[in-house]
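Reading through the structure tokens given below for one structure.
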Amino acid sequence: MDTIASLFSFITTPVSWVIVQFHSVYGKIFGPDTGWAWGLSIVSLVILIRICLIPLFVKQIKATRAMQTLQPEMKKIQERYKSDKQRQSEEMMKLYKESGTNPLSSCLPILAQSPFFFALYHVLNGIATGKEIGVIDGDLLESARKAHIFGAPLAAKFMDSADKVASLGASLTDVRVITALMIILMSASQFFTQRQLMTKNVDTTVKTPFMQQQKMLMYVFPIMFAIFGINFPVGVLVYWLTTNVWTMGQQMFVIRRNPTPGSKAQAAFLERLQKQVTHNKKVRGRGNTNVIKAIVAKGRDRNEFERKFINGLSKAGLAAQADGTVVESETAVVADGEEGTPAGGPKRQQPKRQSKAKRQSAATQGATRADGEAEAKTSLEKAQDQPEDAAPKAKPAGSSTTGDKPGSGTRSKAKSGQQRKGQQRPKHPSSKK
């Protein structure tokens with residue numbers, strides 16, 4: 001480890017200078033020789049470095065998502081050229097070039113952070129051995145050696161001997177308890193960060209080897225931190241625990257505000273956005289506007305959660321526009337489960353949903369109407385089955401049509417017409433008395 005750290009000795013002077021500047025500020029508050037002054041100086045160094053690495057972190061997110069998108073194509077290339085490794089590598093590089101993806105981009109934050117990590121290790125190791133390094137010399141070196149965090153010196157390690165720990169003014173028990181606790185917290189934060197990425201921010205619709213690799217790293221990284229942590233000084237453990245907590249919080253923010261399409265995090269985000277938009281009847285925030293704009297532009301390529309979001313706006317009487325805004329319209333968006341139609345385009349009005357009582361009433365009326373038609377049809381068939389030469393019932397002499405019941409005149413005309421044709425249609429059996 002000392003050999004590796006010495007390779008980054010060119011950056012130890014800037015790192016030690018930054019620590020000293022922060023120490024001069026915190027020393028006025030907590031005292032120059034306290035562990036809080038030196039510990040907070042290390043924490044502030046971490047925060048400064050991570051703020052500078054935010055652009056690389058954004059590139060890491062984009063590269064990771066691009067790699068997730070390319071996994072199906074990469075799997076096809078591996079299966080097609082599994083017997084030709086050279087051709088497989090060429091096709092992979094061609095795929096990366098066409099998509100503008102660099103696999104190393106996902107490692108940029110870690111690679112960029114490594115020089116600072118090893119430089120800090122070199123500085124703290126120099127403090128532990130009483131060696132002047134960078135701008136930490138003389139009184140500053142003695143002050144750093146006396147600094148304790150909960151009874152553990154900044155330069156002490158879990159594997160140090162009792163004599164070495166005693167030379168730093170501490171007990172071996174205190175050092176091992178504090179370092180063990182920090183190692184556990186460091187490993188647990190790393191595990192939670194990776195687990196959060198795997199369970200919430202991965203596209204669940206695509207099963208790729210990349211997901212299996214990430215799942216394996218979820219267990220490998222914490223174990224690695226635990227193994228190497230026993231050889232880290234307390235100051236380095238403070239550095240690494242702080243950067244893990246920063247990464248975890250930064251990732252939580254990204255997952256909540258900009259989740260991976262098709263992931264559980266996107267489903268939760270769109271559900272929150274739908275409630276907000278339907279409540280306010282408008283979109284608030286440039287980020288939310290860009291999200292809706294991207295969803296509208298996808299058209300039929302929307303995933304399940306995005307279609308559900310568009311349909312939810314439609315049911316609320318809102319239409320998502322191409323510019324990322326929404327407008328109120330009863331039939332602006334078609335809730336067809338596939339593709340919504342923005343306002344101004346072709347519209348289809350969705351039929352109103354009837355209540356259960358109305359549907360049952362309509363079914364009862366339909367059944368009654370069908371029974372009536374069937375009964376009428378049966379009566380007509382029976383009438384046709386009667387003998388055509390059956391004589392009609394004679395009417396009493398002297399009877400007049402004017403005294404008949406309403407409608408009898410019409411029947412009389414019909415009978416006279418049948419008699420003129422030479423044959424009379426028999427009465428319906430139901431008319432007999």
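If you're wondering about the labels, chains in the structure tokens are A, B, ... by order shown, residues count from 1 in each chain, ligands from 1 in order shown.
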
Members of region 49-226 of chain A assigned strand (DSSP E) by DSSP, as a PDB file with N, CA and C atoms, in the first residue's frame:
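Contents of the output file result-v2.pdb:
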ATOM      1  N   HIS A 148      -7.725  13.065  18.548  1.00  0.00           N
ATOM      2  CA  HIS A 148      -8.436  11.797  18.751  1.00  0.00           C
ATOM      3  C   HIS A 148      -9.909  11.976  18.374  1.00  0.00           C
ATOM      4  N   ILE A 149     -10.474  10.942  17.795  1.00  0.00           N
ATOM      5  CA  ILE A 149     -11.911  10.896  17.503  1.00  0.00           C
ATOM      6  C   ILE A 149     -12.507   9.777  18.347  1.00  0.00           C
ATOM      7  N   ALA A 152      -9.849   7.481  19.552  1.00  0.00           N
ATOM      8  CA  ALA A 152      -8.976   6.829  18.574  1.00  0.00           C
ATOM      9  C   ALA A 152      -8.195   7.887  17.802  1.00  0.00           C
ATOM     10  N   PRO A 153      -6.852   7.807  17.782  1.00  0.00           N
ATOM     11  CA  PRO A 153      -6.054   8.774  17.025  1.00  0.00           C
ATOM     12  C   PRO A 153      -6.331   8.671  15.521  1.00  0.00           C
TER      13      PRO A 153
END

Mind checking which residues fall within 12 Å of Leu197 (chain A), counting only C-alpha atoms, ignoring those fewer than 2 positions away in the same chain, and posting them as a PyMOL selection string?
chain A and resi 61+64-65+190-195+199-204+211+214-215+217-218+247-256+259-260+263-265

Taking the DSSP assignment computed from this structure's backbone, write out as number ranges by chain all residues of region 106-152 of chain A that belong to helix (DSSP H, G or I).
A: 106-129, 139-146

If we count only C-alpha atoms, what is near Phe225 (chain A) at a cut-off of 10 Å, once residues fewer than 2 positions away on the same chain are taken out, given as number ranges by chain?
A: 183-184, 186-188, 190, 220-223, 227-230, 232, 237, 240

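You will find CA of Thr129 (chain A) at 13.6 Å from CA of Ser161 (chain A).
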
Just the residues within 12 Å of Phe10 (chain A), please, counting only C-alpha atoms, with nothing from its chain fewer than 3 positions along; format it as a PyMOL selection string.
chain A and resi 5-7+13-16+115-116+118-120+122-123+133-134

Emit the selected residues as a compact mmCIF listing (two decimals), in the first residue's frame, including N, CA, C and O atoms.
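Here's the written file out09.txt:
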# COMPACT_ATOMS: atom_id res chain seq x y z
N ALA A 5 0.76 4.31 -2.61
CA ALA A 5 0.55 5.68 -2.13
C ALA A 5 1.66 6.60 -2.58
O ALA A 5 1.43 7.77 -2.88
N SER A 6 2.89 6.10 -2.61
CA SER A 6 4.02 6.94 -3.00
C SER A 6 3.92 7.37 -4.46
O SER A 6 4.48 8.41 -4.84
N LEU A 7 3.23 6.58 -5.28
CA LEU A 7 3.05 6.94 -6.68
C LEU A 7 2.21 8.21 -6.83
O LEU A 7 2.32 8.92 -7.83
N THR A 13 0.95 17.34 -1.44
CA THR A 13 1.08 18.74 -1.01
C THR A 13 -0.23 19.51 -1.16
O THR A 13 -0.65 20.19 -0.21
N PRO A 14 -0.93 19.43 -2.33
CA PRO A 14 -2.23 20.11 -2.42
C PRO A 14 -3.26 19.58 -1.42
O PRO A 14 -4.01 20.37 -0.82
N VAL A 15 -3.28 18.25 -1.20
CA VAL A 15 -4.23 17.67 -0.26
C VAL A 15 -3.93 18.14 1.16
O VAL A 15 -4.84 18.55 1.92
N SER A 16 -2.66 18.13 1.55
CA SER A 16 -2.30 18.58 2.90
C SER A 16 -2.60 20.07 3.07
O SER A 16 -3.00 20.49 4.16
N PRO A 115 -6.56 9.23 -6.76
CA PRO A 115 -5.36 9.98 -6.35
C PRO A 115 -5.52 10.70 -5.02
O PRO A 115 -4.58 10.71 -4.20
N PHE A 116 -6.70 11.29 -4.77
CA PHE A 116 -6.93 11.98 -3.50
C PHE A 116 -6.95 11.01 -2.33
O PHE A 116 -6.46 11.31 -1.24
N PHE A 118 -5.36 8.05 -2.08
CA PHE A 118 -4.01 7.58 -1.76
C PHE A 118 -3.14 8.70 -1.21
O PHE A 118 -2.27 8.47 -0.38
N ALA A 119 -3.38 9.94 -1.68
CA ALA A 119 -2.62 11.07 -1.13
C ALA A 119 -2.97 11.29 0.33
O ALA A 119 -2.09 11.54 1.16
N LEU A 120 -4.28 11.19 0.65
CA LEU A 120 -4.69 11.34 2.04
C LEU A 120 -4.11 10.22 2.90
O LEU A 120 -3.67 10.44 4.04
N HIS A 122 -1.33 8.72 2.38
CA HIS A 122 0.09 9.02 2.53
C HIS A 122 0.31 10.10 3.59
O HIS A 122 1.24 10.02 4.41
N VAL A 123 -0.58 11.12 3.62
CA VAL A 123 -0.48 12.18 4.61
C VAL A 123 -0.69 11.63 6.02
O VAL A 123 0.08 11.92 6.95
N ILE A 133 5.11 15.91 6.00
CA ILE A 133 4.69 15.67 4.63
C ILE A 133 3.82 16.81 4.15
O ILE A 133 2.94 17.27 4.87
N GLY A 134 4.12 17.31 2.96
CA GLY A 134 3.39 18.46 2.43
C GLY A 134 3.61 19.68 3.29
O GLY A 134 4.75 20.02 3.65

At most 9 Å is the cut-off: for each residue in region 232-311 of chain A with any atom that close to an atom of region 37-52 of chain A, write down the nearest atom pair and the distance in Å rounded to one decimal, counting only C-alpha atoms, chain first then increasing number, as a tab-separated table.
residue	atom	partner	partner_atom	distance
A:Gly235	CA	A:Gly39	CA	7.0
A:Val236	CA	A:Ile42	CA	8.5
A:Val238	CA	A:Val43	CA	7.1
A:Tyr239	CA	A:Ile42	CA	6.2
A:Trp240	CA	A:Val46	CA	8.4
A:Thr242	CA	A:Val43	CA	6.4
A:Thr243	CA	A:Val46	CA	6.3
A:Trp246	CA	A:Ile47	CA	7.8
A:Thr247	CA	A:Arg50	CA	8.7

When you draw a straight line from CA of Val58 (chain A) to CA of Arg302 (chain A), how long is it in Å?
23.8 Å

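Among the candidate residues A:Ala147, A:Ala162, A:Ala322, A:Val25, the one lying nearest to Asn290 (chain A) is A:Ala322, with distances computed using only C-alpha atoms.
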
Would you work out the distance separating CA of Gln321 (chain A) from CA of Ile292 (chain A), expressed in Å to one decimal?
8.0 Å
